[in-house]
>>> print(open('run-v7.cif').read())   # mmCIF, C-alpha atoms and all ligand atoms
data_query
#
loop_
_atom_site.group_PDB
_atom_site.id
_atom_site.type_symbol
_atom_site.label_atom_id
_atom_site.label_comp_id
_atom_site.auth_asym_id
_atom_site.auth_seq_id
_atom_site.Cartn_x
_atom_site.Cartn_y
_atom_site.Cartn_z
ATOM 1 C CA MET G 13 -135.961 -128.388 -11.344
ATOM 2 C CA ASN G 14 -138.319 -129.017 -8.460
ATOM 3 C CA ALA G 15 -138.180 -129.339 -4.692
ATOM 4 C CA ARG G 16 -137.802 -133.108 -4.834
ATOM 5 C CA ASN G 17 -134.853 -133.393 -7.157
ATOM 6 C CA ASP G 18 -133.256 -130.359 -5.436
ATOM 7 C CA THR G 19 -132.876 -132.539 -2.360
ATOM 8 C CA CYS G 20 -130.656 -134.900 -4.406
ATOM 9 C CA ASN G 21 -128.886 -131.973 -6.024
ATOM 10 C CA PRO G 22 -127.876 -129.452 -3.340
ATOM 11 C CA LEU G 23 -128.075 -125.801 -4.314
ATOM 12 C CA VAL G 24 -126.545 -122.701 -2.732
ATOM 13 C CA ALA G 25 -129.166 -120.549 -0.983
ATOM 14 C CA LEU G 26 -128.652 -116.999 0.278
ATOM 15 C CA VAL G 27 -131.212 -115.872 2.881
ATOM 16 C CA THR G 28 -131.416 -112.302 4.215
ATOM 17 C CA GLY G 29 -133.042 -111.706 7.594
ATOM 18 C CA ALA G 30 -132.032 -115.216 8.664
ATOM 19 C CA SER G 31 -131.254 -114.328 12.295
ATOM 20 C CA SER G 32 -134.854 -114.695 13.495
ATOM 21 C CA GLY G 33 -138.510 -115.338 12.688
ATOM 22 C CA LEU G 34 -139.500 -116.251 9.147
ATOM 23 C CA GLY G 35 -135.965 -115.953 7.711
ATOM 24 C CA GLU G 36 -134.662 -118.398 10.336
ATOM 25 C CA SER G 37 -137.484 -120.853 9.509
ATOM 26 C CA ILE G 38 -136.746 -120.526 5.779
ATOM 27 C CA ALA G 39 -133.032 -121.153 6.371
ATOM 28 C CA LYS G 40 -133.749 -124.258 8.487
ATOM 29 C CA ASN G 41 -136.253 -125.561 5.937
ATOM 30 C CA LEU G 42 -133.724 -125.141 3.087
ATOM 31 C CA ALA G 43 -131.073 -126.921 5.191
ATOM 32 C CA ARG G 44 -133.460 -129.855 5.761
ATOM 33 C CA ARG G 45 -133.938 -129.987 1.975
ATOM 34 C CA GLY G 46 -130.145 -130.453 1.771
ATOM 35 C CA HIS G 47 -129.101 -127.046 0.453
ATOM 36 C CA ARG G 48 -125.960 -125.122 1.336
ATOM 37 C CA LEU G 49 -126.615 -121.782 3.062
ATOM 38 C CA ILE G 50 -125.340 -118.223 3.221
ATOM 39 C CA LEU G 51 -127.162 -116.388 6.020
ATOM 40 C CA ILE G 52 -127.319 -112.619 6.304
ATOM 41 C CA SER G 53 -128.422 -110.120 8.936
ATOM 42 C CA GLU G 54 -126.754 -107.498 11.052
ATOM 43 C CA ASN G 55 -126.918 -109.591 14.239
ATOM 44 C CA ARG G 56 -123.779 -111.731 14.341
ATOM 45 C CA THR G 57 -124.664 -113.518 17.604
ATOM 46 C CA GLU G 58 -128.077 -114.652 16.365
ATOM 47 C CA LEU G 59 -126.666 -115.657 12.965
ATOM 48 C CA PHE G 60 -124.134 -117.927 14.696
ATOM 49 C CA ARG G 61 -126.907 -119.378 16.885
ATOM 50 C CA VAL G 62 -128.890 -120.288 13.747
ATOM 51 C CA LYS G 63 -125.755 -121.666 12.045
ATOM 52 C CA HIS G 64 -124.944 -123.918 15.050
ATOM 53 C CA GLU G 65 -128.544 -125.131 15.322
ATOM 54 C CA ILE G 66 -128.616 -126.020 11.607
ATOM 55 C CA GLU G 67 -125.207 -127.706 11.617
ATOM 56 C CA SER G 68 -126.087 -129.775 14.681
ATOM 57 C CA GLU G 69 -129.263 -131.065 12.962
ATOM 58 C CA CYS G 70 -128.297 -131.379 9.286
ATOM 59 C CA LEU G 71 -125.206 -131.963 7.220
ATOM 60 C CA SER G 72 -125.683 -128.625 5.452
ATOM 61 C CA SER G 73 -122.791 -126.207 5.391
ATOM 62 C CA VAL G 74 -123.629 -122.682 6.625
ATOM 63 C CA THR G 75 -121.738 -119.439 5.994
ATOM 64 C CA VAL G 76 -122.794 -116.351 7.917
ATOM 65 C CA LEU G 77 -122.304 -112.757 6.792
ATOM 66 C CA GLU G 78 -122.976 -109.864 9.120
ATOM 67 C CA MET G 79 -124.262 -107.077 6.852
ATOM 68 C CA ASP G 80 -126.389 -103.982 7.357
ATOM 69 C CA LEU G 81 -128.861 -103.802 4.468
ATOM 70 C CA PHE G 82 -129.864 -100.273 5.465
ATOM 71 C CA ASP G 83 -126.658 -99.511 3.577
ATOM 72 C CA PRO G 84 -127.249 -100.524 -0.078
ATOM 73 C CA SER G 85 -123.489 -100.692 -0.771
ATOM 74 C CA SER G 86 -123.432 -103.835 1.422
ATOM 75 C CA VAL G 87 -125.072 -105.649 -1.530
ATOM 76 C CA GLU G 88 -121.915 -105.310 -3.687
ATOM 77 C CA ARG G 89 -119.873 -106.638 -0.727
ATOM 78 C CA ILE G 90 -122.187 -109.670 -0.444
ATOM 79 C CA PHE G 91 -121.951 -110.318 -4.193
ATOM 80 C CA GLU G 92 -118.143 -109.940 -4.207
ATOM 81 C CA PHE G 93 -117.874 -112.321 -1.236
ATOM 82 C CA CYS G 94 -119.872 -114.957 -3.140
ATOM 83 C CA GLU G 95 -117.780 -114.450 -6.296
ATOM 84 C CA SER G 96 -114.468 -114.628 -4.433
ATOM 85 C CA THR G 97 -115.485 -117.790 -2.576
ATOM 86 C CA GLN G 98 -116.990 -119.287 -5.756
ATOM 87 C CA LEU G 99 -120.395 -119.678 -4.173
ATOM 88 C CA ALA G 100 -122.798 -119.487 -7.115
ATOM 89 C CA VAL G 101 -126.131 -118.564 -5.548
ATOM 90 C CA ASP G 102 -129.006 -120.645 -7.007
ATOM 91 C CA ILE G 103 -131.661 -119.568 -4.481
ATOM 92 C CA LEU G 104 -132.055 -115.996 -3.225
ATOM 93 C CA VAL G 105 -134.528 -115.329 -0.407
ATOM 94 C CA ASN G 106 -135.088 -111.662 0.408
ATOM 95 C CA CYS G 107 -136.703 -111.848 3.841
ATOM 96 C CA ALA G 108 -135.075 -108.997 5.829
ATOM 97 C CA GLY G 109 -137.698 -106.438 6.733
ATOM 98 C CA MET G 110 -138.782 -103.869 9.279
ATOM 99 C CA PHE G 111 -141.889 -101.937 10.303
ATOM 100 C CA VAL G 112 -141.643 -98.260 11.233
ATOM 101 C CA ASN G 113 -144.490 -96.773 13.250
ATOM 102 C CA ILE G 114 -146.162 -93.580 12.037
ATOM 103 C CA ASP G 115 -144.893 -91.682 15.122
ATOM 104 C CA ARG G 116 -141.324 -92.532 14.244
ATOM 105 C CA GLU G 117 -141.894 -91.887 10.549
ATOM 106 C CA MET G 118 -143.050 -88.340 11.304
ATOM 107 C CA ASN G 119 -140.109 -87.586 13.588
ATOM 108 C CA ASP G 120 -137.116 -89.487 12.286
ATOM 109 C CA ILE G 121 -136.300 -89.091 8.601
ATOM 110 C CA VAL G 122 -133.455 -91.623 8.885
ATOM 111 C CA SER G 123 -135.990 -94.350 9.739
ATOM 112 C CA ILE G 124 -137.712 -93.604 6.390
ATOM 113 C CA GLU G 125 -134.417 -93.823 4.534
ATOM 114 C CA ASN G 126 -133.672 -97.131 6.273
ATOM 115 C CA VAL G 127 -136.980 -98.769 5.384
ATOM 116 C CA VAL G 128 -136.711 -97.648 1.746
ATOM 117 C CA ASN G 129 -133.105 -98.827 1.521
ATOM 118 C CA LEU G 130 -133.960 -102.197 3.080
ATOM 119 C CA HIS G 131 -137.191 -102.997 1.218
ATOM 120 C CA VAL G 132 -136.482 -101.207 -2.081
ATOM 121 C CA THR G 133 -132.853 -100.377 -2.898
ATOM 122 C CA SER G 134 -130.955 -103.279 -1.299
ATOM 123 C CA LEU G 135 -133.598 -105.850 -2.260
ATOM 124 C CA THR G 136 -133.623 -104.655 -5.884
ATOM 125 C CA LYS G 137 -129.822 -104.721 -6.116
ATOM 126 C CA LEU G 138 -129.763 -108.246 -4.653
ATOM 127 C CA CYS G 139 -132.340 -109.378 -7.228
ATOM 128 C CA PHE G 140 -130.436 -107.878 -10.151
ATOM 129 C CA LEU G 141 -126.876 -108.857 -9.165
ATOM 130 C CA PHE G 142 -127.737 -112.468 -8.288
ATOM 131 C CA GLY G 143 -130.610 -112.729 -10.800
ATOM 132 C CA ARG G 144 -128.413 -111.703 -13.727
ATOM 133 C CA ALA G 145 -125.905 -114.438 -12.812
ATOM 134 C CA MET G 146 -128.821 -116.903 -12.598
ATOM 135 C CA THR G 147 -130.122 -115.906 -16.040
ATOM 136 C CA ASP G 148 -126.600 -116.509 -17.445
ATOM 137 C CA ARG G 149 -126.533 -119.984 -15.856
ATOM 138 C CA LYS G 150 -130.144 -120.590 -16.952
ATOM 139 C CA ARG G 151 -131.271 -121.693 -13.505
ATOM 140 C CA GLY G 152 -132.308 -120.141 -10.225
ATOM 141 C CA TYR G 153 -135.032 -119.254 -7.745
ATOM 142 C CA ILE G 154 -135.856 -115.979 -6.023
ATOM 143 C CA LEU G 155 -138.350 -115.677 -3.158
ATOM 144 C CA ASN G 156 -139.183 -112.088 -2.197
ATOM 145 C CA VAL G 157 -141.050 -111.585 1.078
ATOM 146 C CA SER G 158 -143.660 -108.847 0.795
ATOM 147 C CA SER G 159 -146.835 -108.692 2.923
ATOM 148 C CA ILE G 160 -150.613 -108.508 2.580
ATOM 149 C CA ASN G 161 -150.027 -104.852 3.597
ATOM 150 C CA ALA G 162 -148.878 -104.327 -0.013
ATOM 151 C CA GLU G 163 -152.542 -104.023 -0.959
ATOM 152 C CA PHE G 164 -154.310 -101.924 1.664
ATOM 153 C CA LEU G 165 -153.934 -98.706 3.635
ATOM 154 C CA ASP G 166 -152.536 -99.107 7.147
ATOM 155 C CA PRO G 167 -152.706 -96.052 9.439
ATOM 156 C CA ALA G 168 -150.047 -97.636 11.701
ATOM 157 C CA SER G 169 -147.326 -97.016 9.095
ATOM 158 C CA LEU G 170 -147.188 -94.902 5.949
ATOM 159 C CA THR G 171 -144.088 -96.571 4.456
ATOM 160 C CA TYR G 172 -144.371 -100.284 5.290
ATOM 161 C CA GLY G 173 -147.256 -101.100 2.910
ATOM 162 C CA PRO G 174 -146.022 -98.933 0.011
ATOM 163 C CA THR G 175 -142.498 -100.412 0.134
ATOM 164 C CA LYS G 176 -143.982 -103.923 0.344
ATOM 165 C CA ARG G 177 -146.164 -103.022 -2.673
ATOM 166 C CA TYR G 178 -142.983 -102.203 -4.574
ATOM 167 C CA ILE G 179 -141.615 -105.689 -3.726
ATOM 168 C CA LEU G 180 -144.786 -107.258 -5.133
ATOM 169 C CA ALA G 181 -144.650 -105.172 -8.339
ATOM 170 C CA LEU G 182 -140.932 -105.828 -8.871
ATOM 171 C CA SER G 183 -141.387 -109.566 -8.297
ATOM 172 C CA GLU G 184 -144.211 -109.700 -10.858
ATOM 173 C CA ALA G 185 -142.040 -107.941 -13.468
ATOM 174 C CA LEU G 186 -139.019 -110.187 -12.802
ATOM 175 C CA HIS G 187 -141.199 -113.317 -12.775
ATOM 176 C CA CYS G 188 -142.436 -112.542 -16.292
ATOM 177 C CA GLU G 189 -139.092 -111.357 -17.671
ATOM 178 C CA TRP G 190 -136.836 -114.125 -16.296
ATOM 179 C CA LYS G 191 -139.170 -117.094 -16.771
ATOM 180 C CA GLU G 192 -137.705 -117.758 -20.221
ATOM 181 C CA HIS G 193 -134.238 -117.997 -18.608
ATOM 182 C CA ASN G 194 -135.478 -120.688 -16.182
ATOM 183 C CA VAL G 195 -135.232 -118.273 -13.243
ATOM 184 C CA ARG G 196 -138.386 -118.519 -11.117
ATOM 185 C CA VAL G 197 -139.325 -115.420 -9.145
ATOM 186 C CA THR G 198 -142.008 -115.775 -6.472
ATOM 187 C CA CYS G 199 -143.503 -113.163 -4.185
ATOM 188 C CA MET G 200 -144.788 -114.255 -0.785
ATOM 189 C CA THR G 201 -147.445 -111.920 0.671
ATOM 190 C CA PRO G 202 -148.030 -113.295 4.178
ATOM 191 C CA GLY G 203 -150.678 -112.145 6.611
ATOM 192 C CA GLY G 204 -149.781 -112.107 10.304
ATOM 193 C CA ILE G 205 -146.989 -114.494 11.349
ATOM 194 C CA ARG G 206 -146.133 -115.444 14.952
ATOM 195 C CA THR G 207 -142.652 -113.860 15.248
ATOM 196 C CA ASN G 208 -141.047 -111.103 17.291
ATOM 197 C CA PHE G 209 -141.734 -108.627 14.461
ATOM 198 C CA PHE G 210 -144.610 -106.755 16.100
ATOM 199 C CA ALA G 211 -143.109 -106.564 19.598
ATOM 200 C CA ALA G 212 -139.679 -105.503 18.267
ATOM 201 C CA ASN G 213 -141.233 -102.708 16.204
ATOM 202 C CA ARG G 214 -143.866 -101.776 18.825
ATOM 203 C CA VAL G 215 -146.804 -102.526 16.548
ATOM 204 C CA TYR G 216 -150.266 -102.981 18.047
ATOM 205 C CA ILE G 217 -152.046 -106.017 16.622
ATOM 206 C CA PRO G 218 -155.813 -106.244 17.266
ATOM 207 C CA PRO G 219 -156.831 -109.443 19.128
ATOM 208 C CA VAL G 220 -158.860 -110.643 16.128
ATOM 209 C CA ILE G 221 -155.618 -110.808 14.127
ATOM 210 C CA GLN G 222 -153.497 -112.129 17.016
ATOM 211 C CA TYR G 223 -155.589 -115.308 17.225
ATOM 212 C CA THR G 224 -155.026 -116.008 13.540
ATOM 213 C CA LEU G 225 -151.227 -115.688 13.316
ATOM 214 C CA LEU G 226 -149.485 -118.396 11.295
ATOM 215 C CA SER G 227 -146.341 -120.132 12.582
ATOM 216 C CA SER G 228 -143.133 -119.080 10.842
ATOM 217 C CA ASP G 229 -142.327 -122.741 10.059
ATOM 218 C CA SER G 230 -145.646 -123.245 8.212
ATOM 219 C CA CYS G 231 -145.199 -119.955 6.386
ATOM 220 C CA ALA G 232 -141.652 -120.953 5.339
ATOM 221 C CA GLU G 233 -142.803 -124.354 4.048
ATOM 222 C CA ILE G 234 -145.651 -122.860 2.000
ATOM 223 C CA GLY G 235 -143.475 -120.055 0.613
ATOM 224 C CA LEU G 236 -140.604 -122.345 -0.392
ATOM 225 C CA SER G 237 -142.924 -124.937 -1.943
ATOM 226 C CA ALA G 238 -144.503 -122.167 -4.050
ATOM 227 C CA MET G 239 -141.038 -120.955 -5.063
ATOM 228 C CA PHE G 240 -139.892 -124.431 -6.134
ATOM 229 C CA ARG G 241 -143.145 -124.824 -8.101
ATOM 230 C CA GLY G 242 -142.388 -121.530 -9.862
ATOM 231 C CA SER G 243 -145.557 -119.758 -8.641
ATOM 232 C CA LEU G 244 -145.864 -116.019 -9.191
ATOM 233 C CA ARG G 245 -147.350 -115.278 -5.796
ATOM 234 C CA VAL G 246 -148.441 -116.985 -2.582
ATOM 235 C CA THR G 247 -150.338 -115.854 0.527
ATOM 236 C CA PRO G 248 -149.785 -118.660 3.068
ATOM 237 C CA GLY G 249 -152.624 -120.089 5.136
ATOM 238 C CA ILE G 250 -156.378 -119.677 5.151
ATOM 239 C CA TYR G 251 -156.232 -116.886 7.774
ATOM 240 C CA GLY G 252 -153.660 -114.982 5.697
ATOM 241 C CA LYS G 253 -155.999 -115.205 2.692
ATOM 242 C CA LEU G 254 -158.989 -114.087 4.795
ATOM 243 C CA GLN G 255 -157.026 -111.169 6.328
ATOM 244 C CA SER G 256 -156.006 -110.120 2.819
ATOM 245 C CA PHE G 257 -159.560 -110.402 1.452
ATOM 246 C CA PHE G 258 -161.228 -108.402 4.237
ATOM 247 C CA LEU G 259 -158.512 -105.776 4.753
ATOM 248 C CA LYS G 260 -158.444 -105.054 1.004
ATOM 249 C CA LYS G 261 -162.224 -104.482 1.130
ATOM 250 C CA ILE G 262 -162.206 -102.378 4.312
ATOM 251 C CA ALA G 263 -158.922 -100.442 4.418
ATOM 252 C CA ARG G 264 -159.314 -98.237 1.358
ATOM 253 C CA PRO G 265 -159.139 -94.460 0.878
ATOM 254 C CA ALA G 266 -162.869 -93.736 1.416
ATOM 255 C CA LEU G 267 -162.791 -95.449 4.827
ATOM 256 C CA TYR G 268 -159.328 -94.313 5.953
ATOM 257 C CA ALA G 269 -160.481 -91.864 8.645
ATOM 258 C CA LEU G 270 -162.791 -94.487 10.184
ATOM 259 C CA ILE G 271 -160.135 -97.221 10.083
ATOM 260 C CA LYS G 272 -157.595 -94.890 11.664
ATOM 261 C CA LYS G 273 -159.966 -93.846 14.464
ATOM 262 C CA THR G 274 -160.914 -97.465 15.203
ATOM 263 C CA TYR G 275 -157.299 -98.716 15.133
ATOM 264 C CA PHE G 276 -155.944 -96.023 17.462
ATOM 265 C CA SER G 277 -158.846 -96.227 19.914
ATOM 266 C CA MET G 278 -158.290 -100.024 20.166
ATOM 267 C CA LYS G 279 -154.557 -99.423 20.599
ATOM 268 C CA ASN G 280 -155.063 -96.794 23.315
ATOM 269 C CA ARG G 281 -157.533 -99.023 25.178
ATOM 270 C CA GLN G 282 -154.876 -101.756 25.192
ATOM 271 C CA LYS G 283 -152.308 -99.513 27.003
HETATM 272 N N1 LIG G 301 -144.459 -111.096 11.216
HETATM 273 C C1 LIG G 301 -145.448 -110.836 10.364
HETATM 274 O O1 LIG G 301 -146.639 -110.842 10.724
HETATM 275 C C2 LIG G 301 -145.151 -110.533 8.920
HETATM 276 C C3 LIG G 301 -146.233 -110.448 8.025
HETATM 277 C C4 LIG G 301 -145.993 -110.190 6.687
HETATM 278 C C5 LIG G 301 -144.691 -110.044 6.238
HETATM 279 N N2 LIG G 301 -143.655 -110.127 7.119
HETATM 280 C C6 LIG G 301 -142.302 -109.957 6.589
HETATM 281 O O2 LIG G 301 -141.553 -111.114 6.900
HETATM 282 C C7 LIG G 301 -140.162 -110.754 6.956
HETATM 283 C C8 LIG G 301 -139.559 -111.358 8.206
HETATM 284 O O3 LIG G 301 -140.186 -110.794 9.334
HETATM 285 P P1 LIG G 301 -140.308 -111.579 10.716
HETATM 286 O O4 LIG G 301 -141.723 -111.576 11.093
HETATM 287 O O5 LIG G 301 -139.576 -112.861 10.666
HETATM 288 O O6 LIG G 301 -139.597 -110.534 11.720
HETATM 289 P P2 LIG G 301 -138.171 -110.548 12.427
HETATM 290 O O7 LIG G 301 -138.010 -111.766 13.252
HETATM 291 O O8 LIG G 301 -138.045 -109.215 13.077
HETATM 292 O O9 LIG G 301 -137.137 -110.653 11.207
HETATM 293 C C9 LIG G 301 -136.657 -109.541 10.527
HETATM 294 C C10 LIG G 301 -135.305 -109.925 9.947
HETATM 295 O O10 LIG G 301 -134.837 -108.834 9.133
HETATM 296 C C11 LIG G 301 -133.505 -108.567 9.485
HETATM 297 N N3 LIG G 301 -133.120 -107.187 9.278
HETATM 298 C C12 LIG G 301 -133.795 -106.077 9.699
HETATM 299 N N4 LIG G 301 -133.078 -104.983 9.396
HETATM 300 C C13 LIG G 301 -131.938 -105.428 8.776
HETATM 301 C C14 LIG G 301 -130.796 -104.768 8.241
HETATM 302 N N5 LIG G 301 -130.655 -103.456 8.302
HETATM 303 N N6 LIG G 301 -129.821 -105.505 7.668
HETATM 304 C C15 LIG G 301 -129.917 -106.851 7.629
HETATM 305 N N7 LIG G 301 -130.973 -107.537 8.132
HETATM 306 C C16 LIG G 301 -131.968 -106.818 8.705
HETATM 307 C C17 LIG G 301 -133.441 -108.886 10.966
HETATM 308 O O11 LIG G 301 -132.085 -109.076 11.320
HETATM 309 P P3 LIG G 301 -131.381 -108.411 12.596
HETATM 310 O O12 LIG G 301 -131.326 -109.484 13.589
HETATM 311 O O13 LIG G 301 -130.080 -108.016 12.052
HETATM 312 O O14 LIG G 301 -132.215 -107.230 13.011
HETATM 313 C C18 LIG G 301 -134.255 -110.158 11.043
HETATM 314 O O15 LIG G 301 -133.458 -111.269 10.711
HETATM 315 C C19 LIG G 301 -140.113 -109.230 6.887
HETATM 316 O O16 LIG G 301 -139.766 -108.831 5.592
HETATM 317 C C20 LIG G 301 -141.539 -108.798 7.205
HETATM 318 O O17 LIG G 301 -141.868 -107.555 6.595
HETATM 319 C C21 LIG G 301 -143.847 -110.374 8.447
#
>>> encode(input="run-v7.cif", output="C-alpha cells")
Amino acid sequence: MNARNDTCNPLVALVTGASSGLGESIAKNLARRGHRLILISENRTELFRVKHEIESECLSSVTVLEMDLFDPSSVERIFEFCESTQLAVDILVNCAGMFVNIDREMNDIVSIENVVNLHVTSLTKLCFLFGRAMTDRKRGYILNVSSINAEFLDPASLTYGPTKRYILALSEALHCEWKEHNVRVTCMTPGGIRTNFFAANRVYIPPVIQYTLLSSDSCAEIGLSAMFRGSLRVTPGIYGKLQSFFLKKIARPALYALIKKTYFSMKNRQK
C-alpha cells in the first residue's frame, strides 16, 4: 500500500483533534486523497464546520463524533461506534493534544490528570483497540503526533514533554512489533506549527521560534507522506529539525536553571 494507490482505493481514516489546527489540516489532506473520515474532538460546532468544508470541496464522506478524550472510557465508545456502523478503520491519526502551563500544573491536579489521560491513556487505548483490528486484517496505518518537546527539558511545562516522550517511545515499540502484520506506525515530532495552540494554552513563544513556525497544511502533508511510506519517525520542515537539534543540545539538566531564568525573563518582558 502507498499514498498513490490509496487514492484509487479509499480507506477509512479516524482523526482525533480534527476540530482545528494540525488535525483539521490532516483531515482535509486525507479527504483530498479520497479517504472516508471519522473526525473526533469535544467541540461539536467546529467539527461540523470542518465536515461541511470538506464535503463542499471533496466527495469524501465525513462522520463526526463529539468525544472528550480526557475521559479514557470514551475510547471504548468510539470503537463500539465504528464496530456497530461497520466502519473498519484503516488509518488512525492521534492528533488531539494540549499544553498545560507550569503555573496550572502546580495548582490544578485535574489538569495533570487530563493531560496524562489525553496523551497517554486514551492514545494508547486507541492504538491498541484499532491497531489489533488492523493486525488481524493485515493492513493499516497509525500516525501519532508527538512533539520535539519529547526530547528536551521545557521549564514552561513539566508534563507536556514527558507525555509526548511516551508517545514517541510507544510509537517506536508498535512500529517494530506490528511491521510484520503490515501495520505501519509513524511518530511525527513537529517543531513549532502556526496554529492556535500557543494562544489557547497561554504559552509564551520566543520571537526566534515564532518566525520559524511551519504551516499546519505543510506539516500535515509531510506527516501523512511519511506515514504512507511507513517511516518510523518524521520531524517536518528544516526549522523543525533545527529547533530539535539546538533545543536538544541546550535544554538539558545541567543548563536547566539558566534556561528557566532566560525563558521567564523573556516572557515577563513581553507582558
Ligand atoms: N502547535 C505546535 O507548535 C505543535 C508543535 C508540536 C506538536 N503539536 C501537537 O500537535 C497536535 C495538534 O495541535 P495544534 O497545534 O493543531 O493545536 P490545536 O489547534 O489546539 O488542536 C488541538 C486539538 O486537540 C483537541 N483536543 C484537546 N483536548 C481534547 C479532548 N479532551 N478530547 C478531544 N479532543 C481534544 C482539540 O479539540 P477541541 O476543539 O475539542 O478542544 C483540537 O482539535 C497536538 O497533539 C500538539 O501537542 C503542536
>>> residues_near_ligand(input="run-v7.cif", ligand="ligand LIG 301 (chain G)", cutoff="6 Å", atoms="only C-alpha atoms and all ligand atoms", output="CSV table (one decimal) with C-alpha atoms, keeping the file's coordinate frame")
chain,number,residue,atom,x,y,z
G,29,GLY,CA,-133.0,-111.7,7.6
G,30,ALA,CA,-132.0,-115.2,8.7
G,31,SER,CA,-131.3,-114.3,12.3
G,32,SER,CA,-134.9,-114.7,13.5
G,33,GLY,CA,-138.5,-115.3,12.7
G,34,LEU,CA,-139.5,-116.3,9.1
G,35,GLY,CA,-136.0,-116.0,7.7
G,53,SER,CA,-128.4,-110.1,8.9
G,54,GLU,CA,-126.8,-107.5,11.1
G,55,ASN,CA,-126.9,-109.6,14.2
G,79,MET,CA,-124.3,-107.1,6.9
G,80,ASP,CA,-126.4,-104.0,7.4
G,81,LEU,CA,-128.9,-103.8,4.5
G,82,PHE,CA,-129.9,-100.3,5.5
G,107,CYS,CA,-136.7,-111.8,3.8
G,108,ALA,CA,-135.1,-109.0,5.8
G,109,GLY,CA,-137.7,-106.4,6.7
G,110,MET,CA,-138.8,-103.9,9.3
G,157,VAL,CA,-141.0,-111.6,1.1
G,158,SER,CA,-143.7,-108.8,0.8
G,159,SER,CA,-146.8,-108.7,2.9
G,202,PRO,CA,-148.0,-113.3,4.2
G,203,GLY,CA,-150.7,-112.1,6.6
G,204,GLY,CA,-149.8,-112.1,10.3
G,205,ILE,CA,-147.0,-114.5,11.3
G,206,ARG,CA,-146.1,-115.4,15.0
G,207,THR,CA,-142.7,-113.9,15.2
G,208,ASN,CA,-141.0,-111.1,17.3
G,209,PHE,CA,-141.7,-108.6,14.5
>>> closest_atom_pairs(input="run-v7.cif", of="stretch 141-213 of chain G", to="stretch 120-135 of chain G", cutoff="8 Å", atoms="all atoms listed in the file", output="JSON lines")
{"residue": "G:Thr171", "atom": "CA", "partner": "G:Ile124", "partner_atom": "CA", "distance": 7.3}
{"residue": "G:Tyr172", "atom": "CA", "partner": "G:Val127", "partner_atom": "CA", "distance": 7.5}
{"residue": "G:Thr175", "atom": "CA", "partner": "G:His131", "partner_atom": "CA", "distance": 6.0}
{"residue": "G:Lys176", "atom": "CA", "partner": "G:His131", "partner_atom": "CA", "distance": 6.9}
{"residue": "G:Tyr178", "atom": "CA", "partner": "G:Val132", "partner_atom": "CA", "distance": 7.0}
{"residue": "G:Ile179", "atom": "CA", "partner": "G:Val132", "partner_atom": "CA", "distance": 7.0}
>>> resolve_selection(input="run-v7.cif", expression="the PyMOL selection byres (((chain G and resi 59) around 9) and not hetatm)", output="list in words")
Ala30, Ser31, Ser32, Glu36, Leu51, Ile52, Ser53, Glu54, Asn55, Arg56, Thr57, Glu58, Phe60, Arg61, Val62, Lys63, His64, Val76, Leu77 and Glu78 of chain G
>>> closest_residue(input="run-v7.cif", among="G:Ala43, G:Gly235, G:Pro219, G:Phe91", to="G:Ser68", atoms="only C-alpha atoms")
G:Ala43
>>> atom_distance(input="run-v7.cif", atom1="atom CA of G:Arg214", atom2="atom CA of G:Arg245")
28.3 Å
>>> closest_residue(input="run-v7.cif", among="G:Phe111, G:Tyr223, G:Tyr153, G:Phe258", to="G:Val24", atoms="only C-alpha atoms")
G:Tyr153
>>> resolve_selection(input="run-v7.cif", expression="the PyMOL selection byres (((chain G and resi 192) around 12) and not hetatm)", output="MDAnalysis selection string")
chainID G and resid 146:148 150:152 186:191 193:197 242
>>> resolve_selection(input="run-v7.cif", expression="the PyMOL selection byres (((chain G and resi 113) around 6) and not hetatm)", output="list in words")
Val112, Ile114, Asp115, Arg116, Ala168 and Ser169 of chain G
>>> closest_residue(input="run-v7.cif", among="G:Cys231, G:Val74, G:Ser277, G:Ala185", to="G:Pro218", atoms="all atoms listed in the file")
G:Ser277
>>> atom_distance(input="run-v7.cif", atom1="atom CA of G:Thr224", atom2="atom CA of G:Leu42")
25.4 Å
>>> decode(input="run-v7.cif", residues="stretch 122-131 of chain G", atoms="N, CA and C atoms", output="compact mmCIF listing (two decimals), in the first residue's frame")
# COMPACT_ATOMS: atom_id res chain seq x y z
N VAL G 122 -6.22 18.30 38.50
CA VAL G 122 -7.08 17.74 37.45
C VAL G 122 -6.47 18.00 36.07
N SER G 123 -5.78 19.14 35.93
CA SER G 123 -5.16 19.44 34.62
C SER G 123 -4.07 18.40 34.31
N ILE G 124 -3.39 17.91 35.36
CA ILE G 124 -2.35 16.88 35.17
C ILE G 124 -3.00 15.56 34.74
N GLU G 125 -4.09 15.24 35.42
CA GLU G 125 -4.82 14.01 35.07
C GLU G 125 -5.31 14.09 33.62
N ASN G 126 -5.79 15.26 33.22
CA ASN G 126 -6.31 15.42 31.86
C ASN G 126 -5.22 15.22 30.80
N VAL G 127 -4.06 15.83 31.04
CA VAL G 127 -3.00 15.74 30.02
C VAL G 127 -2.49 14.30 29.93
N VAL G 128 -2.40 13.62 31.07
CA VAL G 128 -1.94 12.22 31.05
C VAL G 128 -3.00 11.34 30.37
N ASN G 129 -4.26 11.57 30.70
CA ASN G 129 -5.32 10.78 30.05
C ASN G 129 -5.33 11.00 28.54
N LEU G 130 -5.18 12.26 28.13
CA LEU G 130 -5.25 12.57 26.69
C LEU G 130 -4.05 12.02 25.93
N HIS G 131 -2.84 12.32 26.42
CA HIS G 131 -1.63 11.94 25.67
C HIS G 131 -1.21 10.49 25.90
